[in-house]
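*Asks:* Attaching a single structure in structure tokens format; questions to follow.
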Amino acid sequence: MMSRTRFTPRGARIAAAAYVVVMAAGGLIVGAQAPSRAESLLFLLSQPGLNVLYVFVLTPLVALVGDTGGGVGDAGGLALACGLGAAVNVLLVRAAVCAARAVAADLPACGKRRTPAR
């Protein structure tokens, strides 16, 4: 029988922090260079968190404040976008795991309340 590998809470936190740091550092490094395929790879790896960030944070912020035109620069902007997108991805995965655990905890109780077929 195969043994199951479990992530400890500490290991999961370390993996999440490493993912966010690697994405931000990758964005900083790739942003400082000429546009390449690595930029599209970073955007791909930070999805769907980057889209959630754009739709629910940046778009309303631009609508309220207006576009000031003063950007962070290519390297800083890409690092910020990839890092924040990765952080939102971590939060999305955490929410999905918590929801799955809550459903799994309720499943035995649901089986007991089920009425017999007629």
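Chain labels follow the order of the structure tokens: the first chain is A, the next B, and so on; residue numbering restarts at 1 in every chain, and ligands are counted from 1 in their shown order.
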Write down as JSON, numbers by chain the residues belonging to chain A that are assigned helix (DSSP H, G or I) by DSSP computed on the backbone.
*Replies:* {"A": [9, 10, 11, 12, 13, 14, 15, 16, 17, 18, 19, 20, 21, 22, 23, 24, 25, 26, 27, 28, 29, 30, 31, 32, 37, 38, 39, 40, 41, 42, 43, 44, 45, 49, 50, 51, 52, 53, 54, 55, 56, 57, 58, 59, 60, 61, 62, 63, 64, 65, 74, 75, 76, 77, 78, 79, 80, 81, 82, 83, 84, 85, 86, 87, 88, 89, 90, 91, 92, 93, 94, 95, 96, 97, 98, 99, 100, 101, 102, 103, 104, 105, 106, 107, 108, 109, 110, 111, 112, 113]}
*Asks:* Considering only C-alpha atoms, return as a ChimeraX atom specification whatever protein or nucleic-acid residues lie within 10 Å of Ala75 in chain A, sequence-local ones (same chain, fewer than 5 positions apart) excluded.
*Replies:* /A:24-33,80-81
*Asks:* Quick one: write out the picked residues with N, CA, C and O atoms as a short mmCIF file (atom, residue, chain, number, x, y, z; two decimals), in the first residue's frame?
*Replies:*
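And here is the file that came out, part.cif:
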data_model
loop_
_atom_site.label_atom_id
_atom_site.label_comp_id
_atom_site.auth_asym_id
_atom_site.auth_seq_id
_atom_site.Cartn_x
_atom_site.Cartn_y
_atom_site.Cartn_z
N ALA A 24 7.99 37.02 -6.96
CA ALA A 24 8.37 38.44 -6.89
C ALA A 24 9.81 38.64 -7.38
O ALA A 24 10.09 39.58 -8.13
N ALA A 25 10.71 37.76 -6.96
CA ALA A 25 12.11 37.88 -7.41
C ALA A 25 12.22 37.63 -8.91
O ALA A 25 12.97 38.32 -9.61
N GLY A 26 11.47 36.67 -9.41
CA GLY A 26 11.47 36.41 -10.85
C GLY A 26 10.94 37.60 -11.63
O GLY A 26 11.47 37.96 -12.68
N GLY A 27 9.89 38.24 -11.10
CA GLY A 27 9.36 39.43 -11.75
C GLY A 27 10.36 40.57 -11.76
O GLY A 27 10.48 41.31 -12.74
N LEU A 28 11.11 40.71 -10.67
CA LEU A 28 12.12 41.77 -10.60
C LEU A 28 13.26 41.51 -11.58
O LEU A 28 13.70 42.42 -12.29
N ILE A 29 13.69 40.26 -11.67
CA ILE A 29 14.79 39.90 -12.57
C ILE A 29 14.37 40.02 -14.03
O ILE A 29 15.08 40.61 -14.85
N VAL A 30 13.20 39.47 -14.36
CA VAL A 30 12.74 39.50 -15.76
C VAL A 30 12.37 40.92 -16.17
O VAL A 30 12.60 41.33 -17.31
N GLY A 31 11.82 41.70 -15.24
CA GLY A 31 11.45 43.09 -15.56
C GLY A 31 12.65 43.96 -15.84
O GLY A 31 12.55 44.94 -16.58
N ALA A 32 13.79 43.64 -15.25
CA ALA A 32 15.00 44.43 -15.48
C ALA A 32 15.64 44.12 -16.82
O ALA A 32 16.47 44.88 -17.31
N GLN A 33 15.27 42.99 -17.44
CA GLN A 33 15.83 42.60 -18.73
C GLN A 33 14.87 42.99 -19.85
O GLN A 33 13.79 43.50 -19.62
N LEU A 80 5.87 43.47 -8.53
CA LEU A 80 4.69 43.72 -7.70
C LEU A 80 3.50 42.91 -8.20
O LEU A 80 2.79 42.27 -7.41
N ALA A 81 3.29 42.91 -9.51
CA ALA A 81 2.16 42.18 -10.08
C ALA A 81 2.30 40.67 -9.85
O ALA A 81 1.34 40.01 -9.42
#
*Asks:* Could you state the separation of CA of Val20 in chain A and CA of Arg101 in chain A in Å, given to one decimal place?
*Replies:*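 So the answer is 24.0 Å.
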*Asks:* Excluding Leu84 in chain A and its own-chain neighbours fewer than 6 positions away, which residues fall within 9 Å of it when counting only C-alpha atoms? Please give them as a PyMOL selection string.
*Replies:* chain A and resi 20+23-24+46+49-50+53
*Asks:* Mind dumping the selected residues with C-alpha atoms as a PDB file, in the first residue's frame?
*Replies:*
ATOM      1  CA  VAL A  20       5.466  34.257  -3.378  1.00  0.00           C
ATOM      2  CA  MET A  23       7.497  34.937  -8.136  1.00  0.00           C
ATOM      3  CA  ALA A  24       8.369  38.435  -6.894  1.00  0.00           C
ATOM      4  CA  SER A  46       0.576  34.016 -11.227  1.00  0.00           C
ATOM      5  CA  GLY A  49      -4.630  35.515  -8.623  1.00  0.00           C
ATOM      6  CA  LEU A  50      -3.413  38.276 -10.917  1.00  0.00           C
ATOM      7  CA  LEU A  53      -6.242  41.403  -8.204  1.00  0.00           C
TER       8      LEU A  53
END
*Asks:* With only C-alpha atoms as the counted atoms, please give the residues lying no more than 8 Å from Asn51 in chain A, apart from itself and same-chain residues fewer than 4 positions off, as number ranges by chain.
*Replies:* A: 47, 55, 85
*Asks:* May I ask which of the residues A:Val62, A:Ala87, A:Ser40, A:Asp67 is the closest one to Arg13 in chain A, counting only C-alpha atoms?
*Replies:*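 The answer is A:Ala87, which sits nearest to Arg13 in chain A.
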*Asks:* Of the residues A:Ala96, A:Val22, A:Ile14, A:Pro9, which is the one nearest to Ala79 in chain A, using only C-alpha atoms?
*Replies:* A:Val22
*Asks:* When you count only C-alpha atoms, which of these residues is closest to Pro35 in chain A: A:Val57, A:Leu78, A:Val88, A:Ala12?
*Replies:*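 For Pro35 in chain A, the nearest of the given residues is A:Leu78.
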*Asks:* Point out the residue among A:Val103, A:Ala63, A:Ala86, A:Cys98 with the least atom-to-atom distance to Leu44 in chain A, counting only C-alpha atoms.
*Replies:* A:Ala86
*Asks:* One decimal, Å: what's the distance from CA of Ala100 in chain A over to CA of Ala18 in chain A, could you say?
*Replies:*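 Distance between the two atoms: 23.7 Å.
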*Asks:* Can you work out the spacing between CA of Asn89 in chain A and CA of Leu61 in chain A in Å, to one decimal?
*Replies:*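 It comes out at 20.4 Å.
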